[in-house]
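S.K.: The file below is upload.cif, mmCIF, C-alpha atoms:
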```cif
data_work
#
loop_
_atom_site.group_PDB
_atom_site.id
_atom_site.type_symbol
_atom_site.label_atom_id
_atom_site.label_comp_id
_atom_site.auth_asym_id
_atom_site.auth_seq_id
_atom_site.Cartn_x
_atom_site.Cartn_y
_atom_site.Cartn_z
ATOM 1 C CA MET A 1 -10.465 13.248 11.045
ATOM 2 C CA ASN A 2 -12.118 9.891 11.639
ATOM 3 C CA GLU A 3 -10.762 7.016 9.588
ATOM 4 C CA THR A 4 -11.398 3.303 9.725
ATOM 5 C CA LEU A 5 -8.114 1.469 10.288
ATOM 6 C CA VAL A 6 -8.111 -2.266 9.579
ATOM 7 C CA THR A 7 -5.640 -5.104 9.816
ATOM 8 C CA LEU A 8 -6.189 -7.932 7.324
ATOM 9 C CA VAL A 9 -4.521 -11.342 7.181
ATOM 10 C CA GLY A 10 -4.586 -13.162 3.852
ATOM 11 C CA ASN A 11 -2.700 -13.753 0.597
ATOM 12 C CA ALA A 12 -1.525 -11.641 -2.327
ATOM 13 C CA ALA A 13 -3.975 -12.555 -5.100
ATOM 14 C CA THR A 14 -2.201 -10.663 -7.904
ATOM 15 C CA ALA A 15 1.283 -9.419 -8.658
ATOM 16 C CA VAL A 16 2.154 -5.966 -7.371
ATOM 17 C CA ASP A 17 1.573 -3.344 -10.077
ATOM 18 C CA PHE A 18 4.199 -0.616 -9.478
ATOM 19 C CA ARG A 19 4.224 2.718 -11.303
ATOM 20 C CA GLU A 20 6.423 5.768 -10.959
ATOM 21 C CA THR A 21 4.458 9.021 -10.567
ATOM 22 C CA ALA A 22 5.413 12.694 -10.242
ATOM 23 C CA THR A 23 5.193 12.490 -6.431
ATOM 24 C CA GLY A 24 6.925 9.097 -6.082
ATOM 25 C CA GLY A 25 6.014 5.471 -6.585
ATOM 26 C CA MET A 26 2.527 3.987 -6.447
ATOM 27 C CA ALA A 27 1.722 0.294 -6.108
ATOM 28 C CA ARG A 28 -1.445 -1.754 -5.953
ATOM 29 C CA PHE A 29 -2.373 -5.404 -5.739
ATOM 30 C CA ARG A 30 -5.414 -7.538 -4.983
ATOM 31 C CA PHE A 31 -5.536 -9.174 -1.579
ATOM 32 C CA ALA A 32 -7.618 -12.248 -0.698
ATOM 33 C CA VAL A 33 -8.915 -12.946 2.814
ATOM 34 C CA THR A 34 -10.583 -16.301 3.461
ATOM 35 C CA PRO A 35 -11.932 -17.028 6.952
ATOM 36 C CA ARG A 36 -11.544 -20.578 8.298
ATOM 37 C CA ARG A 37 -13.937 -22.009 10.822
ATOM 38 C CA TRP A 38 -14.060 -25.299 12.697
ATOM 39 C CA ASP A 39 -17.130 -27.310 11.632
ATOM 40 C CA ARG A 40 -18.133 -29.237 14.770
ATOM 41 C CA GLU A 41 -20.484 -31.574 12.933
ATOM 42 C CA LYS A 42 -17.941 -32.695 10.326
ATOM 43 C CA GLN A 43 -14.928 -32.310 12.649
ATOM 44 C CA LEU A 44 -13.070 -30.460 9.860
ATOM 45 C CA TRP A 45 -11.862 -26.972 9.070
ATOM 46 C CA ALA A 46 -14.120 -25.258 6.522
ATOM 47 C CA ASP A 47 -13.221 -22.242 4.381
ATOM 48 C CA GLY A 48 -15.674 -19.360 4.292
ATOM 49 C CA ARG A 49 -16.339 -17.010 1.407
ATOM 50 C CA THR A 50 -13.238 -15.167 0.155
ATOM 51 C CA SER A 51 -13.247 -11.368 0.297
ATOM 52 C CA PHE A 52 -11.048 -9.410 -2.102
ATOM 53 C CA TYR A 53 -9.530 -5.989 -1.443
ATOM 54 C CA THR A 54 -7.423 -3.684 -3.588
ATOM 55 C CA VAL A 55 -4.402 -2.567 -1.564
ATOM 56 C CA TRP A 56 -2.859 0.796 -2.520
ATOM 57 C CA SER A 57 0.487 2.134 -1.327
ATOM 58 C CA TRP A 58 2.658 5.144 -2.037
ATOM 59 C CA ARG A 59 6.315 6.211 -2.147
ATOM 60 C CA THR A 60 8.771 4.024 -0.199
ATOM 61 C CA LEU A 61 6.182 1.428 0.841
ATOM 62 C CA ALA A 62 5.153 1.046 -2.806
ATOM 63 C CA ALA A 63 8.719 0.477 -3.994
ATOM 64 C CA ASN A 64 9.423 -1.989 -1.184
ATOM 65 C CA LEU A 65 6.216 -3.924 -1.940
ATOM 66 C CA ALA A 66 7.190 -4.252 -5.594
ATOM 67 C CA GLY A 67 10.517 -5.811 -4.611
ATOM 68 C CA SER A 68 9.205 -8.018 -1.812
ATOM 69 C CA VAL A 69 5.760 -9.482 -2.548
ATOM 70 C CA SER A 70 4.786 -12.248 -4.982
ATOM 71 C CA VAL A 71 1.450 -13.848 -5.820
ATOM 72 C CA GLY A 72 0.231 -16.310 -3.178
ATOM 73 C CA GLU A 73 2.423 -15.062 -0.342
ATOM 74 C CA PRO A 74 0.784 -14.787 3.091
ATOM 75 C CA LEU A 75 0.647 -11.153 4.242
ATOM 76 C CA VAL A 76 -0.603 -8.890 7.002
ATOM 77 C CA VAL A 77 -1.910 -5.537 5.703
ATOM 78 C CA HIS A 78 -2.669 -2.578 7.974
ATOM 79 C CA GLY A 79 -4.249 0.584 6.616
ATOM 80 C CA ARG A 80 -7.217 2.860 5.992
ATOM 81 C CA LEU A 81 -10.403 1.222 4.726
ATOM 82 C CA LYS A 82 -12.114 2.919 1.770
ATOM 83 C CA VAL A 83 -15.465 1.713 0.389
ATOM 84 C CA ARG A 84 -16.734 3.110 -2.903
ATOM 85 C CA GLU A 85 -19.590 2.377 -5.263
ATOM 86 C CA ASP A 86 -19.394 2.590 -9.030
ATOM 87 C CA GLU A 87 -21.650 1.805 -11.940
ATOM 88 C CA GLN A 88 -20.303 -0.576 -14.579
ATOM 89 C CA ALA A 89 -22.327 -1.924 -17.488
ATOM 90 C CA GLY A 90 -25.531 -0.639 -15.883
ATOM 91 C CA GLN A 91 -24.902 -2.403 -12.562
ATOM 92 C CA ARG A 92 -23.898 -0.809 -9.270
ATOM 93 C CA ARG A 93 -20.811 -2.444 -7.802
ATOM 94 C CA THR A 94 -19.109 -1.979 -4.458
ATOM 95 C CA PHE A 95 -15.314 -1.843 -4.241
ATOM 96 C CA VAL A 96 -13.327 -2.101 -1.037
ATOM 97 C CA ASP A 97 -9.832 -0.593 -0.990
ATOM 98 C CA VAL A 98 -7.179 -0.388 1.708
ATOM 99 C CA GLU A 99 -4.654 2.451 1.643
ATOM 100 C CA ALA A 100 -1.756 0.598 3.259
ATOM 101 C CA VAL A 101 0.204 2.041 6.155
ATOM 102 C CA ALA A 102 2.218 -1.156 6.719
ATOM 103 C CA VAL A 103 2.505 -4.536 4.980
ATOM 104 C CA GLY A 104 4.499 -7.556 6.078
ATOM 105 C CA HIS A 105 4.765 -11.276 5.599
ATOM 106 C CA ASP A 106 2.644 -13.417 7.929
ATOM 107 C CA LEU A 107 5.360 -15.145 9.965
ATOM 108 C CA SER A 108 2.869 -17.619 11.455
ATOM 109 C CA ARG A 109 2.949 -19.328 8.036
ATOM 110 C CA GLY A 110 6.628 -19.078 7.100
ATOM 111 C CA THR A 111 9.902 -17.238 7.505
ATOM 112 C CA SER A 112 11.115 -13.989 6.010
ATOM 113 C CA ALA A 113 14.484 -12.231 5.781
ATOM 114 C CA PHE A 114 14.427 -8.451 6.259
ATOM 115 C CA ARG A 115 16.797 -6.202 4.305
ATOM 116 C CA ARG A 116 16.826 -2.513 5.177
ATOM 117 C CA ALA A 117 16.289 -0.348 2.096
ATOM 118 C CA PRO A 118 19.044 2.226 1.481
ATOM 119 C CA ARG A 119 18.078 5.784 2.406
ATOM 120 C CA MET A 120 17.557 8.384 -0.291
ATOM 121 C CA GLU A 121 20.235 11.000 -0.862
ATOM 122 C CA PRO A 122 19.969 13.605 1.951
ATOM 123 C CA HIS A 123 19.768 16.626 -0.369
ATOM 124 C CA LEU A 124 16.604 15.175 -1.903
ATOM 125 C CA THR A 125 14.805 14.890 1.443
ATOM 126 C CA GLU A 126 15.955 18.088 3.180
ATOM 127 C CA ARG A 127 13.714 21.132 3.119
ATOM 128 C CA PRO A 128 15.266 24.078 1.241
ATOM 129 C CA GLU A 129 16.183 27.165 3.215
ATOM 130 C CA ARG A 130 14.045 30.217 2.585
ATOM 131 C CA VAL A 131 15.351 32.418 -0.250
ATOM 132 C CA THR A 132 15.518 36.158 0.549
ATOM 133 C CA ASP A 133 15.754 39.144 -1.771
ATOM 134 C CA GLY A 134 19.529 39.437 -1.198
ATOM 135 C CA ASP A 135 20.262 35.831 -2.262
ATOM 136 C CA THR A 136 21.618 35.033 -5.672
ATOM 137 C CA GLU A 137 19.546 33.363 -8.371
ATOM 138 C CA GLU A 138 19.501 29.591 -8.051
ATOM 139 C CA SER A 139 20.505 27.371 -10.911
ATOM 140 C CA PRO A 140 17.863 25.506 -12.991
ATOM 141 C CA LYS A 141 18.985 22.227 -11.381
ATOM 142 C CA GLU A 142 18.453 23.677 -7.882
ATOM 143 C CA ARG A 143 14.996 24.952 -8.885
ATOM 144 C CA GLU A 144 14.143 21.481 -10.208
ATOM 145 C CA GLN A 145 15.232 19.853 -6.930
ATOM 146 C CA VAL A 146 13.237 22.362 -4.860
ATOM 147 C CA GLY A 147 10.181 21.741 -7.055
ATOM 148 C CA ALA A 148 10.534 17.986 -6.646
ATOM 149 C CA MET A 149 10.811 18.356 -2.863
ATOM 150 C CA ALA A 150 7.735 20.592 -2.722
ATOM 151 C CA ALA A 151 5.739 17.993 -4.666
ATOM 152 C CA VAL A 152 6.748 15.285 -2.172
ATOM 153 C CA SER A 153 6.070 17.389 0.957
#
```
What's the structure tokens form of this structure?
M.R.:
Amino acid sequence: MNETLVTLVGNAATAVDFRETATGGMARFRFAVTPRRWDREKQLWADGRTSFYTVWSWRTLAANLAGSVSVGEPLVVHGRLKVREDEQAGQRRTFVDVEAVAVGHDLSRGTSAFRRAPRMEPHLTERPERVTDGDTEESPKEREQVGAMAAVS
């Protein structure tokens, strides 16, 4: 499948909106990218027009974003570009989204301290063994865990 992967450098324009879903966490935030160019005539740096993107993330990345990113922080976002059109109030509008694969602080503009997130409990991430006709009935709790794992897989 062909996908457009992009890497954007800019700033978090809004707070991260984190929500828990049936398949894990989901987070989104607006991301602002403003190009800077050297104006030879004025001998000054000039800001270009700011582009805004909605960045979406899922599961572990979503939870880590919610605990790590604040408004105004410089970030690097890498992910799949999605462009969609919608009609609102009789006008066609274009929205540009990025489904994030990786997000990090832009260390060319500051420092950051990395803390490894604790791993999930192993029984929640292991695939269940196949149940055969001779096996005993599993408990409701085991069925619930298997169902949760199937939803994540």
S.K.: With all atoms listed in the file as the atoms that count, which of A:Ala32, A:Leu44, A:Val101, A:Ala89 lies nearest to A:Leu65?
M.R.: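 Of the candidates, the smallest distance to A:Leu65 is held by A:Val101.
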S.K.: Pick the closest to A:Trp56 from A:Pro74, A:Gly79, A:Glu20, A:Glu41: which is it, counting only C-alpha atoms?
M.R.: A:Gly79
S.K.: As an exercise, work out the distance from atom CA of A:Asn64 to atom CA of A:Ala117 in Å and give it to one decimal place.
M.R.: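 Result for atom CA of A:Asn64 versus atom CA of A:Ala117: 7.8 Å, one decimal.
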S.K.: One decimal, in Å: what's the spacing between atom CA of A:Val83 and atom CA of A:Leu107?
M.R.: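 If I compute the distance from atom CA of A:Val83 to atom CA of A:Leu107, I get 28.5 Å.
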S.K.: Apply the PyMOL selection byres ((chain A and resi 71) around 10) to the structure shown and report the selected residues as a PDB file with C-alpha atoms, in the frame of the given file.
M.R.:
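Saved to part37.pdb:
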```
ATOM      1  CA  ASN A  11      -2.700 -13.753   0.597  1.00  0.00           C
ATOM      2  CA  ALA A  12      -1.525 -11.641  -2.327  1.00  0.00           C
ATOM      3  CA  ALA A  13      -3.975 -12.555  -5.100  1.00  0.00           C
ATOM      4  CA  THR A  14      -2.201 -10.663  -7.904  1.00  0.00           C
ATOM      5  CA  ALA A  15       1.283  -9.419  -8.658  1.00  0.00           C
ATOM      6  CA  VAL A  16       2.154  -5.966  -7.371  1.00  0.00           C
ATOM      7  CA  PHE A  29      -2.373  -5.404  -5.739  1.00  0.00           C
ATOM      8  CA  ARG A  30      -5.414  -7.538  -4.983  1.00  0.00           C
ATOM      9  CA  PHE A  31      -5.536  -9.174  -1.579  1.00  0.00           C
ATOM     10  CA  VAL A  69       5.760  -9.482  -2.548  1.00  0.00           C
ATOM     11  CA  SER A  70       4.786 -12.248  -4.982  1.00  0.00           C
ATOM     12  CA  GLY A  72       0.231 -16.310  -3.178  1.00  0.00           C
ATOM     13  CA  GLU A  73       2.423 -15.062  -0.342  1.00  0.00           C
ATOM     14  CA  PRO A  74       0.784 -14.787   3.091  1.00  0.00           C
TER      15      PRO A  74
END
```
S.K.: Report as number ranges by chain all protein, DNA and RNA residues lying within 6 Å of A:Leu75, evaluated on all atoms listed in the file, omitting residues in the same chain fewer than 6 positions from it.
M.R.: A: 9-11, 104-106
S.K.: For A:Asp47, find every residue with an atom within 12 Å (counting all atoms listed in the file), except residues of its own chain fewer than 3 positions away, and show them as a PDB file with C-alpha atoms, in the coordinates of the input.
M.R.:
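Output file out13.pdb is given in full below:
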```
ATOM      1  CA  VAL A  33      -8.915 -12.946   2.814  1.00  0.00           C
ATOM      2  CA  THR A  34     -10.583 -16.301   3.461  1.00  0.00           C
ATOM      3  CA  PRO A  35     -11.932 -17.028   6.952  1.00  0.00           C
ATOM      4  CA  ARG A  36     -11.544 -20.578   8.298  1.00  0.00           C
ATOM      5  CA  ARG A  37     -13.937 -22.009  10.822  1.00  0.00           C
ATOM      6  CA  TRP A  38     -14.060 -25.299  12.697  1.00  0.00           C
ATOM      7  CA  ASP A  39     -17.130 -27.310  11.632  1.00  0.00           C
ATOM      8  CA  LEU A  44     -13.070 -30.460   9.860  1.00  0.00           C
ATOM      9  CA  THR A  50     -13.238 -15.167   0.155  1.00  0.00           C
ATOM     10  CA  SER A  51     -13.247 -11.368   0.297  1.00  0.00           C
TER      11      SER A  51
END
```
S.K.: As a check of understanding, name the residues that the PyMOL selection byres ((chain A and resi 99) around 6) selects in the supplied structure, as a VMD selection string.
M.R.: chain A and resid 55 to 57 79 to 80 98 100
S.K.: If I take atom CA of A:Thr7 and atom CA of A:Val76, how far is one from the other in Å, to one decimal?
M.R.: 6.9 Å
S.K.: Output the residue selection produced by the PyMOL selection byres ((chain A and resi 59) around 10) on the file above, formatted as a ChimeraX atom specification.
M.R.: /A:20-21,23-27,57-58,60-64,152
